[in-house]
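S.K.: mmCIF, C-alpha atoms and all ligand atoms, file input33.cif:
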```cif
data_model
loop_
_atom_site.group_PDB
_atom_site.id
_atom_site.type_symbol
_atom_site.label_atom_id
_atom_site.label_comp_id
_atom_site.auth_asym_id
_atom_site.auth_seq_id
_atom_site.Cartn_x
_atom_site.Cartn_y
_atom_site.Cartn_z
ATOM 1 C CA MET A 1 98.008 125.646 111.683
ATOM 2 C CA THR A 2 99.202 122.637 109.757
ATOM 3 C CA THR A 3 100.483 122.929 106.217
ATOM 4 C CA PRO A 4 98.303 121.182 103.648
ATOM 5 C CA PRO A 5 100.129 118.323 101.941
ATOM 6 C CA LEU A 6 102.092 118.883 98.776
ATOM 7 C CA ARG A 7 100.836 116.940 95.791
ATOM 8 C CA LEU A 8 102.841 115.202 93.071
ATOM 9 C CA MET A 9 101.389 113.703 89.885
ATOM 10 C CA ALA A 10 103.454 111.311 87.736
ATOM 11 C CA VAL A 11 102.053 110.819 84.228
ATOM 12 C CA HIS A 12 103.117 107.608 82.444
ATOM 13 C CA ALA A 13 102.280 105.842 79.199
ATOM 14 C CA HIS A 14 101.870 102.215 80.315
ATOM 15 C CA PRO A 15 101.500 100.278 83.549
ATOM 16 C CA ASP A 16 105.135 99.421 84.534
ATOM 17 C CA ASP A 17 106.598 102.765 83.387
ATOM 18 C CA GLU A 18 105.816 104.235 86.824
ATOM 19 C CA SER A 19 107.994 101.471 88.329
ATOM 20 C CA SER A 20 110.953 101.877 85.955
ATOM 21 C CA LYS A 21 111.006 105.697 85.790
ATOM 22 C CA GLY A 22 110.927 107.864 88.912
ATOM 23 C CA ALA A 23 109.470 105.088 91.071
ATOM 24 C CA ALA A 24 111.631 105.608 94.145
ATOM 25 C CA THR A 25 110.926 109.333 94.002
ATOM 26 C CA THR A 26 107.178 108.774 94.163
ATOM 27 C CA ALA A 27 107.595 106.236 96.976
ATOM 28 C CA ARG A 28 109.848 108.613 98.892
ATOM 29 C CA TYR A 29 107.442 111.537 98.681
ATOM 30 C CA ALA A 30 104.459 109.348 99.538
ATOM 31 C CA ALA A 31 106.326 107.996 102.580
ATOM 32 C CA SER A 32 107.150 111.519 103.715
ATOM 33 C CA GLY A 33 103.509 112.613 103.710
ATOM 34 C CA ALA A 34 102.974 114.113 100.257
ATOM 35 C CA GLU A 35 99.985 113.029 98.219
ATOM 36 C CA VAL A 36 101.240 111.183 95.161
ATOM 37 C CA LEU A 37 99.118 110.152 92.178
ATOM 38 C CA VAL A 38 100.338 108.015 89.280
ATOM 39 C CA VAL A 39 98.330 108.324 86.070
ATOM 40 C CA SER A 40 98.641 105.650 83.348
ATOM 41 C CA CYS A 41 97.511 106.875 79.942
ATOM 42 C CA THR A 42 96.925 103.400 78.470
ATOM 43 C CA GLY A 43 96.201 99.907 79.721
ATOM 44 C CA GLY A 44 99.349 98.439 78.165
ATOM 45 C CA GLU A 45 97.146 96.143 76.069
ATOM 46 C CA ARG A 46 99.617 95.766 73.202
ATOM 47 C CA GLY A 47 102.640 94.950 75.336
ATOM 48 C CA SER A 48 104.185 91.516 74.995
ATOM 49 C CA VAL A 49 105.029 89.242 77.888
ATOM 50 C CA LEU A 50 108.689 90.227 78.361
ATOM 51 C CA ASN A 51 109.478 88.082 81.395
ATOM 52 C CA PRO A 52 110.671 84.644 80.228
ATOM 53 C CA SER A 53 109.785 83.091 83.588
ATOM 54 C CA TYR A 54 106.141 84.197 83.249
ATOM 55 C CA GLY A 55 105.535 80.968 81.399
ATOM 56 C CA ARG A 56 103.104 81.963 78.667
ATOM 57 C CA GLN A 57 102.421 84.631 76.087
ATOM 58 C CA ILE A 58 99.228 86.714 76.117
ATOM 59 C CA THR A 59 97.930 87.919 72.741
ATOM 60 C CA ASP A 60 94.354 88.893 73.548
ATOM 61 C CA LEU A 61 94.155 92.636 74.203
ATOM 62 C CA GLU A 62 91.357 92.404 76.748
ATOM 63 C CA GLU A 63 93.098 89.649 78.684
ATOM 64 C CA MET A 64 96.339 91.642 78.714
ATOM 65 C CA ARG A 65 94.484 94.719 79.935
ATOM 66 C CA GLN A 66 92.958 92.736 82.791
ATOM 67 C CA VAL A 67 96.242 91.099 83.797
ATOM 68 C CA ARG A 68 98.055 94.422 83.779
ATOM 69 C CA THR A 69 95.280 96.094 85.770
ATOM 70 C CA VAL A 70 95.941 93.641 88.602
ATOM 71 C CA GLU A 71 99.722 94.132 88.277
ATOM 72 C CA MET A 72 99.322 97.910 88.385
ATOM 73 C CA ALA A 73 97.230 97.802 91.550
ATOM 74 C CA ALA A 74 99.961 95.768 93.271
ATOM 75 C CA ALA A 75 102.666 98.164 92.039
ATOM 76 C CA ALA A 76 100.759 101.211 93.307
ATOM 77 C CA GLU A 77 100.381 99.548 96.688
ATOM 78 C CA ALA A 78 104.117 98.776 96.797
ATOM 79 C CA LEU A 79 104.942 102.405 96.021
ATOM 80 C CA GLY A 80 102.307 103.716 98.427
ATOM 81 C CA VAL A 81 100.735 105.920 95.751
ATOM 82 C CA GLN A 82 97.264 106.576 94.407
ATOM 83 C CA HIS A 83 96.567 105.520 90.824
ATOM 84 C CA ARG A 84 94.214 106.469 87.989
ATOM 85 C CA TRP A 85 93.772 105.283 84.404
ATOM 86 C CA LEU A 86 93.145 107.674 81.534
ATOM 87 C CA GLY A 87 91.521 104.777 79.704
ATOM 88 C CA PHE A 88 93.205 104.946 76.302
ATOM 89 C CA VAL A 89 94.303 101.887 74.343
ATOM 90 C CA ASP A 90 98.016 101.079 73.952
ATOM 91 C CA SER A 91 99.320 101.955 70.458
ATOM 92 C CA GLY A 92 101.924 99.181 70.405
ATOM 93 C CA LEU A 93 105.520 99.650 69.306
ATOM 94 C CA PRO A 94 105.530 99.479 65.487
ATOM 95 C CA GLU A 95 108.317 97.329 64.083
ATOM 96 C CA GLY A 96 109.464 96.603 60.537
ATOM 97 C CA ASP A 97 110.628 98.453 57.450
ATOM 98 C CA PRO A 98 108.540 100.231 56.438
ATOM 99 C CA LEU A 99 106.866 100.680 59.808
ATOM 100 C CA PRO A 100 103.250 99.483 59.830
ATOM 101 C CA PRO A 101 100.511 102.047 60.502
ATOM 102 C CA LEU A 102 99.310 102.462 64.085
ATOM 103 C CA PRO A 103 96.113 100.579 64.965
ATOM 104 C CA PRO A 104 92.885 102.594 64.635
ATOM 105 C CA GLY A 105 91.595 104.125 67.872
ATOM 106 C CA CYS A 106 94.894 103.867 69.734
ATOM 107 C CA PHE A 107 96.199 106.505 72.153
ATOM 108 C CA ALA A 108 98.848 107.974 69.828
ATOM 109 C CA LEU A 109 96.274 108.603 67.075
ATOM 110 C CA THR A 110 93.824 110.360 69.403
ATOM 111 C CA PRO A 111 93.530 114.111 68.716
ATOM 112 C CA LEU A 112 95.445 116.063 71.382
ATOM 113 C CA GLU A 113 92.459 117.851 72.933
ATOM 114 C CA GLU A 114 90.505 114.632 73.209
ATOM 115 C CA ALA A 115 93.497 112.788 74.687
ATOM 116 C CA ALA A 116 94.357 115.559 77.161
ATOM 117 C CA ALA A 117 90.795 116.271 78.365
ATOM 118 C CA PRO A 118 90.587 113.450 80.943
ATOM 119 C CA LEU A 119 94.048 114.358 82.247
ATOM 120 C CA VAL A 120 93.057 118.022 82.597
ATOM 121 C CA GLU A 121 90.053 116.824 84.572
ATOM 122 C CA ILE A 122 92.247 114.753 86.906
ATOM 123 C CA VAL A 123 94.676 117.699 87.347
ATOM 124 C CA ARG A 124 91.768 119.939 88.339
ATOM 125 C CA GLU A 125 90.495 117.334 90.778
ATOM 126 C CA PHE A 126 93.821 116.212 92.342
ATOM 127 C CA ARG A 127 95.393 119.699 92.122
ATOM 128 C CA PRO A 128 99.084 118.709 91.864
ATOM 129 C CA HIS A 129 101.810 121.242 92.619
ATOM 130 C CA VAL A 130 104.264 119.221 90.517
ATOM 131 C CA ILE A 131 103.764 117.060 87.418
ATOM 132 C CA THR A 132 106.371 114.651 86.009
ATOM 133 C CA THR A 133 106.398 113.045 82.571
ATOM 134 C CA TYR A 134 108.760 112.285 79.643
ATOM 135 C CA ASP A 135 110.743 114.674 77.461
ATOM 136 C CA PRO A 136 109.491 115.462 73.903
ATOM 137 C CA THR A 137 111.271 112.391 72.475
ATOM 138 C CA GLY A 138 109.351 110.178 74.881
ATOM 139 C CA GLY A 139 112.675 109.074 76.402
ATOM 140 C CA TYR A 140 112.560 106.276 73.854
ATOM 141 C CA PRO A 141 110.574 106.326 70.640
ATOM 142 C CA HIS A 142 107.387 104.510 71.618
ATOM 143 C CA PRO A 143 104.430 106.438 70.143
ATOM 144 C CA ASP A 144 102.598 106.253 73.493
ATOM 145 C CA HIS A 145 105.558 107.787 75.322
ATOM 146 C CA ILE A 146 105.677 110.708 72.894
ATOM 147 C CA MET A 147 101.897 111.131 73.213
ATOM 148 C CA CYS A 148 102.194 110.926 77.000
ATOM 149 C CA HIS A 149 104.591 113.875 76.888
ATOM 150 C CA ARG A 150 102.174 115.828 74.704
ATOM 151 C CA VAL A 151 99.111 115.324 76.903
ATOM 152 C CA ALA A 152 100.987 116.004 80.155
ATOM 153 C CA LYS A 153 102.441 119.230 78.736
ATOM 154 C CA GLU A 154 99.019 120.240 77.432
ATOM 155 C CA ALA A 155 97.478 119.607 80.870
ATOM 156 C CA PHE A 156 100.273 121.531 82.625
ATOM 157 C CA GLU A 157 99.795 124.493 80.299
ATOM 158 C CA THR A 158 96.003 124.633 80.149
ATOM 159 C CA ALA A 159 94.531 123.229 83.400
ATOM 160 C CA GLY A 160 94.702 126.684 85.011
ATOM 161 C CA ASP A 161 92.983 128.427 82.102
ATOM 162 C CA PRO A 162 89.234 128.830 82.716
ATOM 163 C CA GLU A 163 88.682 129.271 78.974
ATOM 164 C CA ARG A 164 90.088 125.814 78.135
ATOM 165 C CA TYR A 165 88.407 122.447 78.735
ATOM 166 C CA ARG A 166 85.478 124.335 80.248
ATOM 167 C CA ASP A 167 83.423 121.269 81.120
ATOM 168 C CA ARG A 168 86.317 119.551 82.928
ATOM 169 C CA GLY A 169 86.286 121.093 86.408
ATOM 170 C CA ALA A 170 87.526 124.216 88.181
ATOM 171 C CA PRO A 171 90.888 125.597 86.983
ATOM 172 C CA TRP A 172 94.047 124.585 88.817
ATOM 173 C CA THR A 173 97.537 125.789 87.934
ATOM 174 C CA PRO A 174 100.323 123.258 88.579
ATOM 175 C CA LEU A 175 103.585 124.980 89.478
ATOM 176 C CA LYS A 176 106.372 122.807 88.064
ATOM 177 C CA LEU A 177 106.763 120.348 85.195
ATOM 178 C CA TYR A 178 109.601 117.816 85.134
ATOM 179 C CA TYR A 179 110.867 115.216 82.684
ATOM 180 C CA ASN A 180 112.110 111.817 83.926
ATOM 181 C CA HIS A 181 115.735 111.033 83.081
ATOM 182 C CA ASP A 182 116.376 107.713 84.776
ATOM 183 C CA PHE A 183 118.393 106.384 81.851
ATOM 184 C CA SER A 184 120.890 109.223 81.525
ATOM 185 C CA MET A 185 124.271 108.316 80.068
ATOM 186 C CA THR A 186 125.902 109.502 83.283
ATOM 187 C CA ARG A 187 123.899 106.982 85.295
ATOM 188 C CA ILE A 188 124.420 104.118 82.862
ATOM 189 C CA ARG A 189 128.168 104.768 82.667
ATOM 190 C CA THR A 190 128.487 105.142 86.446
ATOM 191 C CA MET A 191 126.693 101.855 87.056
ATOM 192 C CA HIS A 192 128.686 100.150 84.308
ATOM 193 C CA GLU A 193 132.029 101.240 85.775
ATOM 194 C CA ALA A 194 130.974 100.381 89.322
ATOM 195 C CA MET A 195 130.038 96.852 88.229
ATOM 196 C CA ILE A 196 133.390 96.352 86.488
ATOM 197 C CA ASP A 197 135.325 97.820 89.419
ATOM 198 C CA ALA A 198 133.528 95.371 91.706
ATOM 199 C CA GLY A 199 134.594 92.485 89.451
ATOM 200 C CA LEU A 200 131.024 91.863 88.266
ATOM 201 C CA GLU A 201 129.673 91.378 84.773
ATOM 202 C CA SER A 202 128.034 94.617 83.650
ATOM 203 C CA PRO A 203 124.756 94.450 81.702
ATOM 204 C CA PHE A 204 125.336 98.002 80.494
ATOM 205 C CA GLY A 205 128.315 97.463 78.164
ATOM 206 C CA ASP A 206 126.362 97.301 74.889
ATOM 207 C CA TRP A 207 124.278 100.243 75.984
ATOM 208 C CA VAL A 208 127.339 102.392 76.720
ATOM 209 C CA GLU A 209 128.840 101.534 73.326
ATOM 210 C CA SER A 210 125.695 102.018 71.249
ATOM 211 C CA ARG A 211 124.786 105.282 72.937
ATOM 212 C CA ALA A 212 128.319 106.572 72.414
ATOM 213 C CA ALA A 213 128.244 105.540 68.739
ATOM 214 C CA ARG A 214 124.929 107.250 68.040
ATOM 215 C CA GLU A 215 125.973 110.392 69.893
ATOM 216 C CA ILE A 216 122.478 110.997 71.251
ATOM 217 C CA PRO A 217 122.522 114.454 72.792
ATOM 218 C CA GLU A 218 122.019 114.282 76.539
ATOM 219 C CA ARG A 219 119.198 116.357 77.939
ATOM 220 C CA GLU A 220 119.951 118.561 80.899
ATOM 221 C CA VAL A 221 119.575 117.109 84.373
ATOM 222 C CA THR A 222 118.578 119.884 86.777
ATOM 223 C CA THR A 223 117.337 117.892 89.723
ATOM 224 C CA ARG A 224 118.581 114.826 91.569
ATOM 225 C CA ILE A 225 116.281 113.320 94.172
ATOM 226 C CA PRO A 226 117.973 111.259 96.917
ATOM 227 C CA CYS A 227 115.738 108.197 97.222
ATOM 228 C CA ALA A 228 117.849 105.103 97.955
ATOM 229 C CA GLU A 229 115.733 104.320 101.021
ATOM 230 C CA SER A 230 112.824 103.804 98.622
ATOM 231 C CA PHE A 231 114.669 101.435 96.252
ATOM 232 C CA PRO A 232 113.066 98.410 98.011
ATOM 233 C CA ALA A 233 109.599 99.859 97.301
ATOM 234 C CA ARG A 234 110.632 100.471 93.690
ATOM 235 C CA ASP A 235 111.867 96.892 93.387
ATOM 236 C CA ALA A 236 108.647 95.489 94.831
ATOM 237 C CA ALA A 237 106.687 97.577 92.323
ATOM 238 C CA LEU A 238 108.842 96.331 89.440
ATOM 239 C CA VAL A 239 108.313 92.697 90.453
ATOM 240 C CA ALA A 240 104.559 93.332 90.624
ATOM 241 C CA HIS A 241 104.622 93.753 86.841
ATOM 242 C CA ALA A 242 105.197 90.038 86.336
ATOM 243 C CA THR A 243 104.395 90.070 82.608
ATOM 244 C CA GLN A 244 106.976 92.780 81.975
ATOM 245 C CA ILE A 245 109.829 92.474 84.454
ATOM 246 C CA ASP A 246 112.177 89.515 84.751
ATOM 247 C CA PRO A 247 113.265 89.336 88.405
ATOM 248 C CA ASP A 248 116.588 87.907 87.164
ATOM 249 C CA GLY A 249 116.904 90.401 84.312
ATOM 250 C CA PHE A 250 118.226 93.823 83.470
ATOM 251 C CA PHE A 251 116.460 95.814 86.181
ATOM 252 C CA PHE A 252 117.899 93.605 88.906
ATOM 253 C CA ALA A 253 121.402 93.130 87.488
ATOM 254 C CA THR A 254 123.086 95.642 89.792
ATOM 255 C CA PRO A 255 123.549 94.574 93.434
ATOM 256 C CA ARG A 256 121.331 96.855 95.502
ATOM 257 C CA ASP A 257 123.991 97.830 98.017
ATOM 258 C CA LEU A 258 126.275 98.830 95.151
ATOM 259 C CA GLU A 259 123.494 100.825 93.483
ATOM 260 C CA ALA A 260 122.632 102.661 96.704
ATOM 261 C CA GLN A 261 126.321 103.476 97.121
ATOM 262 C CA VAL A 262 127.124 104.801 93.625
ATOM 263 C CA TRP A 263 123.713 106.046 92.387
ATOM 264 C CA PRO A 264 121.325 106.780 95.291
ATOM 265 C CA VAL A 265 119.251 109.275 93.261
ATOM 266 C CA GLU A 266 116.735 109.633 90.443
ATOM 267 C CA GLU A 267 117.220 112.359 87.862
ATOM 268 C CA TYR A 268 114.896 114.973 86.382
ATOM 269 C CA GLU A 269 114.911 117.941 84.062
ATOM 270 C CA LEU A 270 112.918 120.974 85.195
ATOM 271 C CA ALA A 271 111.006 121.743 81.983
ATOM 272 C CA ALA A 272 108.801 124.588 83.219
ATOM 273 C CA SER A 273 108.338 126.432 86.499
ATOM 274 C CA ARG A 274 105.928 129.067 87.698
ATOM 275 C CA VAL A 275 107.905 129.556 90.935
ATOM 276 C CA ALA A 276 111.432 130.794 91.524
ATOM 277 C CA THR A 277 113.938 128.033 92.194
ATOM 278 C CA THR A 278 117.701 127.633 92.185
ATOM 279 C CA LEU A 279 119.338 124.952 90.039
ATOM 280 C CA PRO A 280 120.537 122.347 90.606
ATOM 281 C CA GLU A 281 117.802 121.102 92.935
ATOM 282 C CA ASP A 282 117.413 118.061 95.196
ATOM 283 C CA ASP A 283 113.662 118.429 95.790
ATOM 284 C CA LEU A 284 110.804 118.465 93.245
ATOM 285 C CA PHE A 285 108.919 120.860 95.546
ATOM 286 C CA ALA A 286 111.824 123.344 95.853
ATOM 287 C CA GLY A 287 110.433 126.876 95.695
ATOM 288 C CA ILE A 288 106.902 125.759 96.620
ATOM 289 C CA ALA A 289 106.035 126.961 100.109
ATOM 290 C CA GLY A 290 102.722 125.286 100.784
ATOM 291 C CA ASP A 291 99.286 125.096 99.267
ATOM 292 C CA GLU A 292 99.949 127.404 96.352
ATOM 293 C CA GLY A 293 98.692 127.016 92.833
ATOM 294 C CA GLY A 294 95.044 127.340 92.045
ATOM 295 C CA ALA A 295 93.236 129.735 89.790
ATOM 296 C CA PRO A 296 95.525 132.221 88.028
HETATM 297 ZN ZN ZN A 301 105.912 102.374 78.285
#
```
Since I need it in another form, could you write the structure as structure tokens?

M.R.:
Amino acid sequence: MTTPPLRLMAVHAHPDDESSKGAATTARYAASGAEVLVVSCTGGERGSVLNPSYGRQITDLEEMRQVRTVEMAAAAEALGVQHRWLGFVDSGLPEGDPLPPLPPGCFALTPLEEAAAPLVEIVREFRPHVITTYDPTGGYPHPDHIMCHRVAKEAFETAGDPERYRDRGAPWTPLKLYYNHDFSMTRIRTMHEAMIDAGLESPFGDWVESRAAREIPEREVTTRIPCAESFPARDAALVAHATQIDPDGFFFATPRDLEAQVWPVEEYELAASRVATTLPEDDLFAGIAGDEGGAP
């Protein structure tokens, strides 16, 4: 008897987040035979072109959605994962003092039950054992990242309850919920020091100083996934997001051999678990024997 595949679902706010947060983990599990599904809550319509070598700005929301749809398909192929859209519209990152109101109809203004319903439906269809998303702060304060956390947590908590979201498929109970922590201070400082020790210019200096000055409390890292062999897939996925990622910019500043040597992992916080596990972990599926989960 063969064991049914384990299933991992990574829930992200915008196309490109799946390539900058937990990307090598998803590629690693997909390569090792797990079923991996990335869900993007929004189309990234209100993102700006952030790559100076892209050559032009895009201001039309529909055009940006179409461009990023093509980029996302290429990124999913590079990672070797399945992909679904929730279909909500990017809220944009409000800037100014005072902050402007969010645009009507955007993801972050959608009532929680309405925003979570399509994700609950996908959870019941894909039946993930493990779900990853952001911590309650969103990891950084983009309203879509905070909303992404809220809908993923709602889906984790309610998808197995037959009394909730009754018209959205047969109940399925995911077993573990994780938060991505790819930008932990420990990682940034380690990379920063490794760059300096190697006689290279570190792009992390300002970050180290500003984070230290603001004394942002670090969230707990419970789980480190070894995934250096999937860094090339991650890099290919990043480059696929040509409007967002500068191939000569921040994400590619660290030499890859140096990165694989000093930081060959991606980090997570186990936020909830319905199975027994021992911390720290090096596997998102630790404690999950096979095709568990299902109706409570
Ligand atoms: Zn984002």

S.K.: Would you compute an axis-aligned box for stretch 139-146 of chain A, covering every atom listed for it in the file with 8 Å of margin on each side, and report centre and edge lengths in Å to one decimal as AutoDock Vina command-line options?

M.R.:
```
--center_x 107.6 --center_y 107.6 --center_z 73.3 --size_x 26.1 --size_y 22.2 --size_z 22.3
```

S.K.: For A:Ala30, list every protein, DNA or RNA residue within 10 Å, evaluated using all atoms listed in the file, and leave out those in the same chain fewer than 2 positions away; present the list as a ChimeraX atom specification.

M.R.: /A:6-8,24-28,32-37,79-82

S.K.: Quick one: of A:Glu62, A:Glu163, A:Glu45, A:Asp144, who's nearest to ligand ZN 301 (chain A), counting all atoms listed in the file?

M.R.: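 Counting all atoms listed in the file, the residue closest to ligand ZN 301 (chain A) is A:Asp144.
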
S.K.: Evaluated on this file, the PyMOL selection byres (((chain A and resi 252-267) around 9) and not hetatm) picks out some residues - which ones are they, written as a PyMOL selection string?

M.R.: chain A and resi 21-25+179-184+187+190-191+194-195+198+200-203+221-229+231-232+235+246-251+268-269

S.K.: What does the PyMOL selection byres (((not hetatm)) within 10 of (chain A and resi 301)) select in this file, as a list in words?

M.R.: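 Applied to this file, the PyMOL selection byres (((not hetatm)) within 10 of (chain A and resi 301)) returns His12, Ala13, His14, Pro15, Asp16, Asp17, Glu18, Ser20, Lys21, Ser40, Cys41, Thr42, Gly44, Gly47, Asp90, Gly92, Leu93, Gly138, Gly139, Tyr140, Pro141, His142, Pro143, Asp144, His145, Ile146 and Cys148 of chain A.
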
S.K.: Identify the residues within 12 Å of coordinate (97.6, 128.6, 86.8) (same frame as the file), considering only C-alpha atoms, and give the answer as a ChimeraX atom specification.

M.R.: /A:123-124,127-129,155-164,170-176,273-275,292-296

S.K.: Let me make sure I understand: among A:Pro217, A:Gly96, A:Gly43, A:Pro101, which one has the smallest atom-to-atom distance to A:Arg84 if we use only C-alpha atoms?

M.R.: A:Gly43

S.K.: Using atom CA of A:Arg56 and atom CA of A:Ala108 as the two end points, give the distance in Å to one decimal.

M.R.: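 Taking atom CA of A:Arg56 as the start and atom CA of A:Ala108 as the end point, the length is 27.8 Å.
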
S.K.: So how far away is atom CA of A:Ala237 from atom CA of A:Ile188, in Å?

M.R.: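 Value for the atom CA of A:Ile188-atom CA of A:Ala237 distance: 21.1 Å.
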
S.K.: Could you list the residues chosen by the PyMOL selection byres (((chain A and resi 177) around 7) and not hetatm) in this structure as an MDAnalysis selection string?

M.R.: chainID A and resid 130:132 176 178 270:273

S.K.: So, with only C-alpha atoms as the atoms that count, which of A:Ala213, A:Ala31, A:Phe88, A:Thr243 lies closest to A:Ser48?

M.R.: A:Thr243

S.K.: Using all atoms listed in the file, which of the listed residues (A:Tyr29, A:Ser230, A:Gly169, A:Glu71) sits closest to A:Phe126?

M.R.: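 Comparing A:Tyr29, A:Ser230, A:Gly169, A:Glu71 against A:Phe126, the winner is A:Gly169.
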
S.K.: For A:Ala276, work out the shell of residues within 10 Å, counting only C-alpha atoms and skipping chain neighbours fewer than 5 positions away, then give it as a count of residues only.

M.R.: 4

S.K.: What's the separation between atom CA of A:Ala78 and atom CA of A:Glu121, in Å to one decimal place?

M.R.: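 Value for the atom CA of A:Ala78-atom CA of A:Glu121 distance: 25.9 Å.
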